[in-house]
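Source file: target.pdb (PDB, C-alpha atoms)
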ATOM      1  CA  LEU A   1      12.540 179.250  34.346  1.00  0.00           C
ATOM      2  CA  ALA A   2       9.547 177.490  32.917  1.00  0.00           C
ATOM      3  CA  ALA A   3       8.627 176.221  36.410  1.00  0.00           C
ATOM      4  CA  ALA A   4       7.787 179.784  37.453  1.00  0.00           C
ATOM      5  CA  ARG A   5       4.842 179.570  35.038  1.00  0.00           C
ATOM      6  CA  ARG A   6       3.762 176.083  36.127  1.00  0.00           C
ATOM      7  CA  PRO A   7       2.415 175.999  39.697  1.00  0.00           C
ATOM      8  CA  LYS A   8       2.134 172.187  39.701  1.00  0.00           C
ATOM      9  CA  VAL A   9       5.912 171.698  39.600  1.00  0.00           C
ATOM     10  CA  ALA A  10       6.657 170.315  43.072  1.00  0.00           C
ATOM     11  CA  GLY A  11      10.363 171.026  43.140  1.00  0.00           C
ATOM     12  CA  LEU A  12      13.461 171.825  41.141  1.00  0.00           C
ATOM     13  CA  LEU A  13      16.967 170.448  41.295  1.00  0.00           C
ATOM     14  CA  LEU A  14      19.424 172.909  39.792  1.00  0.00           C
ATOM     15  CA  ILE A  15      22.749 171.296  38.960  1.00  0.00           C
ATOM     16  CA  THR A  16      25.652 173.733  38.585  1.00  0.00           C
ATOM     17  CA  PRO A  17      23.298 176.676  38.022  1.00  0.00           C
ATOM     18  CA  VAL A  18      24.362 180.133  36.912  1.00  0.00           C
ATOM     19  CA  SER A  19      22.628 183.446  37.487  1.00  0.00           C
ATOM     20  CA  SER A  20      22.401 184.114  33.739  1.00  0.00           C
ATOM     21  CA  VAL A  21      24.089 183.162  30.499  1.00  0.00           C
ATOM     22  CA  THR A  22      25.203 186.774  30.151  1.00  0.00           C
ATOM     23  CA  ALA A  23      26.949 186.678  33.539  1.00  0.00           C
ATOM     24  CA  LEU A  24      28.571 183.364  32.624  1.00  0.00           C
ATOM     25  CA  ALA A  25      29.742 184.703  29.247  1.00  0.00           C
ATOM     26  CA  ARG A  26      31.086 187.829  30.917  1.00  0.00           C
ATOM     27  CA  ARG A  27      33.115 185.638  33.308  1.00  0.00           C
ATOM     28  CA  HIS A  28      34.695 183.574  30.533  1.00  0.00           C
ATOM     29  CA  TYR A  29      34.937 186.281  27.862  1.00  0.00           C
ATOM     30  CA  PRO A  30      35.195 189.636  29.674  1.00  0.00           C
ATOM     31  CA  PHE A  31      35.979 191.606  26.515  1.00  0.00           C
ATOM     32  CA  ALA A  32      33.193 190.190  24.359  1.00  0.00           C
ATOM     33  CA  PRO A  33      30.098 192.407  24.008  1.00  0.00           C
ATOM     34  CA  THR A  34      27.125 190.986  25.895  1.00  0.00           C
ATOM     35  CA  PHE A  35      24.691 191.767  23.079  1.00  0.00           C
ATOM     36  CA  LEU A  36      26.085 188.671  21.337  1.00  0.00           C
ATOM     37  CA  VAL A  37      24.136 186.520  23.809  1.00  0.00           C
ATOM     38  CA  ARG A  38      20.738 185.937  22.239  1.00  0.00           C
ATOM     39  CA  ASP A  39      18.907 184.693  25.325  1.00  0.00           C
ATOM     40  CA  ALA A  40      20.281 185.539  28.736  1.00  0.00           C
ATOM     41  CA  PHE A  41      18.255 182.850  30.587  1.00  0.00           C
ATOM     42  CA  ARG A  42      18.003 185.041  33.700  1.00  0.00           C
ATOM     43  CA  ALA A  43      17.614 182.510  36.507  1.00  0.00           C
ATOM     44  CA  ASP A  44      18.370 185.314  38.941  1.00  0.00           C
ATOM     45  CA  LEU A  45      15.167 187.084  37.848  1.00  0.00           C
ATOM     46  CA  SER A  46      12.834 184.145  37.204  1.00  0.00           C
ATOM     47  CA  LEU A  47      13.737 181.785  40.058  1.00  0.00           C
ATOM     48  CA  PRO A  48      12.272 184.023  42.812  1.00  0.00           C
ATOM     49  CA  ARG A  49       8.890 183.877  41.017  1.00  0.00           C
ATOM     50  CA  TYR A  50       8.790 180.081  41.361  1.00  0.00           C
ATOM     51  CA  GLY A  51       8.179 179.717  45.112  1.00  0.00           C
ATOM     52  CA  GLY A  52       8.492 175.923  45.408  1.00  0.00           C
ATOM     53  CA  ARG A  53      11.286 173.779  46.802  1.00  0.00           C
ATOM     54  CA  VAL A  54      14.639 174.209  45.094  1.00  0.00           C
ATOM     55  CA  GLY A  55      17.710 172.057  45.540  1.00  0.00           C
ATOM     56  CA  PHE A  56      21.072 173.398  44.416  1.00  0.00           C
ATOM     57  CA  LEU A  57      23.945 171.065  43.570  1.00  0.00           C
ATOM     58  CA  LEU A  58      27.235 172.732  42.843  1.00  0.00           C
ATOM     59  CA  ALA A  59      30.807 171.709  42.199  1.00  0.00           C
ATOM     60  CA  GLY A  60      33.276 173.580  44.384  1.00  0.00           C
ATOM     61  CA  ARG A  61      35.948 173.580  41.693  1.00  0.00           C
ATOM     62  CA  ASP A  62      33.651 174.135  38.720  1.00  0.00           C
ATOM     63  CA  GLU A  63      35.614 175.592  35.841  1.00  0.00           C
ATOM     64  CA  VAL A  64      32.533 176.136  33.644  1.00  0.00           C
ATOM     65  CA  ALA A  65      29.755 177.412  35.937  1.00  0.00           C
ATOM     66  CA  PRO A  66      31.438 179.367  38.751  1.00  0.00           C
ATOM     67  CA  PRO A  67      30.193 178.171  42.149  1.00  0.00           C
ATOM     68  CA  ASP A  68      29.862 181.741  43.423  1.00  0.00           C
ATOM     69  CA  GLN A  69      26.982 182.263  40.962  1.00  0.00           C
ATOM     70  CA  ALA A  70      25.194 179.175  42.296  1.00  0.00           C
ATOM     71  CA  ARG A  71      25.758 180.310  45.877  1.00  0.00           C
ATOM     72  CA  ALA A  72      24.358 183.751  45.038  1.00  0.00           C
ATOM     73  CA  LEU A  73      21.233 182.157  43.502  1.00  0.00           C
ATOM     74  CA  PHE A  74      20.847 180.004  46.611  1.00  0.00           C
ATOM     75  CA  GLN A  75      21.223 182.962  48.988  1.00  0.00           C
ATOM     76  CA  ALA A  76      18.753 185.083  47.039  1.00  0.00           C
ATOM     77  CA  TYR A  77      16.072 182.426  46.713  1.00  0.00           C
ATOM     78  CA  PRO A  78      13.270 183.237  49.194  1.00  0.00           C
ATOM     79  CA  GLY A  79      11.506 179.859  49.116  1.00  0.00           C
ATOM     80  CA  PRO A  80      12.332 176.484  50.665  1.00  0.00           C
ATOM     81  CA  LYS A  81      15.822 175.538  49.575  1.00  0.00           C
ATOM     82  CA  ARG A  82      18.677 173.154  50.163  1.00  0.00           C
ATOM     83  CA  LEU A  83      22.308 173.383  49.079  1.00  0.00           C
ATOM     84  CA  TRP A  84      24.575 170.463  48.307  1.00  0.00           C
ATOM     85  CA  GLU A  85      28.166 171.165  47.411  1.00  0.00           C
ATOM     86  CA  GLU A  86      30.904 168.793  46.357  1.00  0.00           C
ATOM     87  CA  PRO A  87      33.971 170.886  47.259  1.00  0.00           C
ATOM     88  CA  GLY A  88      36.497 168.858  45.262  1.00  0.00           C
ATOM     89  CA  ALA A  89      34.342 168.288  42.182  1.00  0.00           C
ATOM     90  CA  SER A  90      34.715 170.032  38.850  1.00  0.00           C
ATOM     91  CA  HIS A  91      31.893 170.636  36.387  1.00  0.00           C
ATOM     92  CA  ASN A  92      32.291 167.175  34.887  1.00  0.00           C
ATOM     93  CA  THR A  93      33.147 165.174  38.005  1.00  0.00           C
ATOM     94  CA  LEU A  94      29.970 165.616  40.069  1.00  0.00           C
ATOM     95  CA  ARG A  95      28.585 162.310  41.329  1.00  0.00           C
ATOM     96  CA  TYR A  96      25.808 161.099  39.061  1.00  0.00           C
ATOM     97  CA  ARG A  97      25.717 157.456  40.174  1.00  0.00           C
ATOM     98  CA  PRO A  98      22.096 156.336  40.681  1.00  0.00           C
ATOM     99  CA  GLY A  99      22.846 154.539  43.965  1.00  0.00           C
ATOM    100  CA  ASP A 100      24.555 157.527  45.551  1.00  0.00           C
ATOM    101  CA  PRO A 101      22.844 158.615  48.810  1.00  0.00           C
ATOM    102  CA  PHE A 102      22.652 162.189  47.489  1.00  0.00           C
ATOM    103  CA  TRP A 103      19.778 161.263  45.153  1.00  0.00           C
ATOM    104  CA  SER A 104      17.642 159.831  47.954  1.00  0.00           C
ATOM    105  CA  GLU A 105      18.284 162.928  50.041  1.00  0.00           C
ATOM    106  CA  ALA A 106      17.492 165.265  47.134  1.00  0.00           C
ATOM    107  CA  LEU A 107      14.306 163.407  46.202  1.00  0.00           C
ATOM    108  CA  GLU A 108      13.144 163.418  49.821  1.00  0.00           C
ATOM    109  CA  PHE A 109      13.674 167.170  50.056  1.00  0.00           C
ATOM    110  CA  LEU A 110      12.048 167.935  46.712  1.00  0.00           C
ATOM    111  CA  GLY A 111       9.036 165.716  47.324  1.00  0.00           C
ATOM    112  CA  GLY A 112       8.571 166.667  50.980  1.00  0.00           C
ATOM    113  CA  PRO A 113       5.558 168.390  52.499  1.00  0.00           C
TER     114      PRO A 113
END
Re-express the file's structure as C-alpha cells.
Amino acid sequence: LAAARRPKVAGLLLITPVSSVTALARRHYPFAPTFLVRDAFRADLSLPRYGGRVGFLLAGRDEVAPPDQARALFQAYPGPKRLWEEPGASHNTLRYRPGDPFWSEALEFLGGP
C-alpha cells in the first residue's frame, strides 16, 4: 500500500479488499503456479504499517474477492478500523450511489479525529 509510505494520508477505504493477489489467484486457480503472479500486492503485509483509519467495505456474496480475505485483513489490522458488509451483495452489486447514507458514514469515520 502506497499509504504506508505517506503519513499525511488521513484514511483509507478498501472496497472488496484481498490479502494478496497471490492468495486471490490461488483461490480461483488452485493448480496454477504462483510464480506466474508478477506482483503479489501484499496488503496483508503492508496494511499494518499504515496506522491510520481504515474502512473496509465487503460484499457478502463476492464471487471475485472472497469476503473471508477482507474479514481477515480487518481482524489483523491493529489501527482504527470500521467494517461495512453488504451480506447479499456480489462483487458488482455493491451500492455505489452517491446519495447512499453509507458514504456519509464512511467519510465521517475516515475524516474523524
*Could you tell me which residues the PyMOL selection byres ((chain A and resi 76-79) around 6) returns for this structure, as a PyMOL selection string?*
chain A and resi 48+51+73-75+80
*Evaluate the PyMOL selection byres ((chain A and resi 109) around 12) on the structure here and hand back the selected residues as a list in words.*
Ala10, Gly11, Leu12, Leu13, Gly52, Arg53, Val54, Gly55, Phe56, Pro80, Lys81, Arg82, Leu83, Trp84, Phe102, Trp103, Ser104, Glu105, Ala106, Leu107, Glu108, Leu110, Gly111, Gly112 and Pro113 of chain A
*For atom CA of A:Leu58 and atom CA of A:Pro30, determine how far apart the two atoms are, in Å to one decimal place.*
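Atom-to-atom, atom CA of A:Leu58 and atom CA of A:Pro30 are spaced 22.9 Å apart.
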*Report the distance between atom CA of A:Ser20 and atom CA of A:Glu86 in Å, rounded to one decimal place.*
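Spanning atom CA of A:Ser20 to atom CA of A:Glu86 is a straight-line distance of 21.6 Å.
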*Could you jot down the atom CA of A:Ala70 to atom CA of A:Pro98 separation for me, Å, one decimal place?*
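Computing the Euclidean distance for atom CA of A:Ala70 and atom CA of A:Pro98 yields 23.1 Å.
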For the PyMOL selection byres ((chain A and resi 94) around 12), applied here, can you spell out every residue it catches as an mmCIF file with C-alpha atoms, in the coordinates of the input?
data_model
loop_
_atom_site.group_PDB
_atom_site.id
_atom_site.type_symbol
_atom_site.label_atom_id
_atom_site.label_comp_id
_atom_site.auth_asym_id
_atom_site.auth_seq_id
_atom_site.Cartn_x
_atom_site.Cartn_y
_atom_site.Cartn_z
ATOM 1 C CA ILE A 15 22.749 171.296 38.960
ATOM 2 C CA THR A 16 25.652 173.733 38.585
ATOM 3 C CA LEU A 57 23.945 171.065 43.570
ATOM 4 C CA LEU A 58 27.235 172.732 42.843
ATOM 5 C CA ALA A 59 30.807 171.709 42.199
ATOM 6 C CA GLY A 60 33.276 173.580 44.384
ATOM 7 C CA ARG A 61 35.948 173.580 41.693
ATOM 8 C CA ASP A 62 33.651 174.135 38.720
ATOM 9 C CA TRP A 84 24.575 170.463 48.307
ATOM 10 C CA GLU A 85 28.166 171.165 47.411
ATOM 11 C CA GLU A 86 30.904 168.793 46.357
ATOM 12 C CA PRO A 87 33.971 170.886 47.259
ATOM 13 C CA GLY A 88 36.497 168.858 45.262
ATOM 14 C CA ALA A 89 34.342 168.288 42.182
ATOM 15 C CA SER A 90 34.715 170.032 38.850
ATOM 16 C CA HIS A 91 31.893 170.636 36.387
ATOM 17 C CA ASN A 92 32.291 167.175 34.887
ATOM 18 C CA THR A 93 33.147 165.174 38.005
ATOM 19 C CA ARG A 95 28.585 162.310 41.329
ATOM 20 C CA TYR A 96 25.808 161.099 39.061
ATOM 21 C CA ARG A 97 25.717 157.456 40.174
ATOM 22 C CA ASP A 100 24.555 157.527 45.551
ATOM 23 C CA PHE A 102 22.652 162.189 47.489
#
*Which of A:Val9, A:Ala25, A:Ala43, A:Val18 sits closest to A:Ala65 [using only C-alpha atoms]*: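 Result for the nearest residue to A:Ala65: A:Val18.
Distance check against A:Ala23 using only C-alpha atoms: of A:Lys8, A:Phe41, A:Pro101, A:Arg71, the minimum falls on A:Phe41.
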Need the axis-aligned box for stretch 6-21 of chain A with 3 Å each side, so what are the centre and edges in Å to one decimal, as lines of an AutoDock Vina configuration file?
center_x = 13.9
center_y = 177.2
center_z = 36.8
size_x = 29.5
size_y = 19.8
size_z = 18.6
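Here the question is which of A:Gly99, A:Leu47, A:Leu14, A:Ser19 gets nearest to A:Gln69 using only C-alpha atoms, and that residue is A:Ser19.
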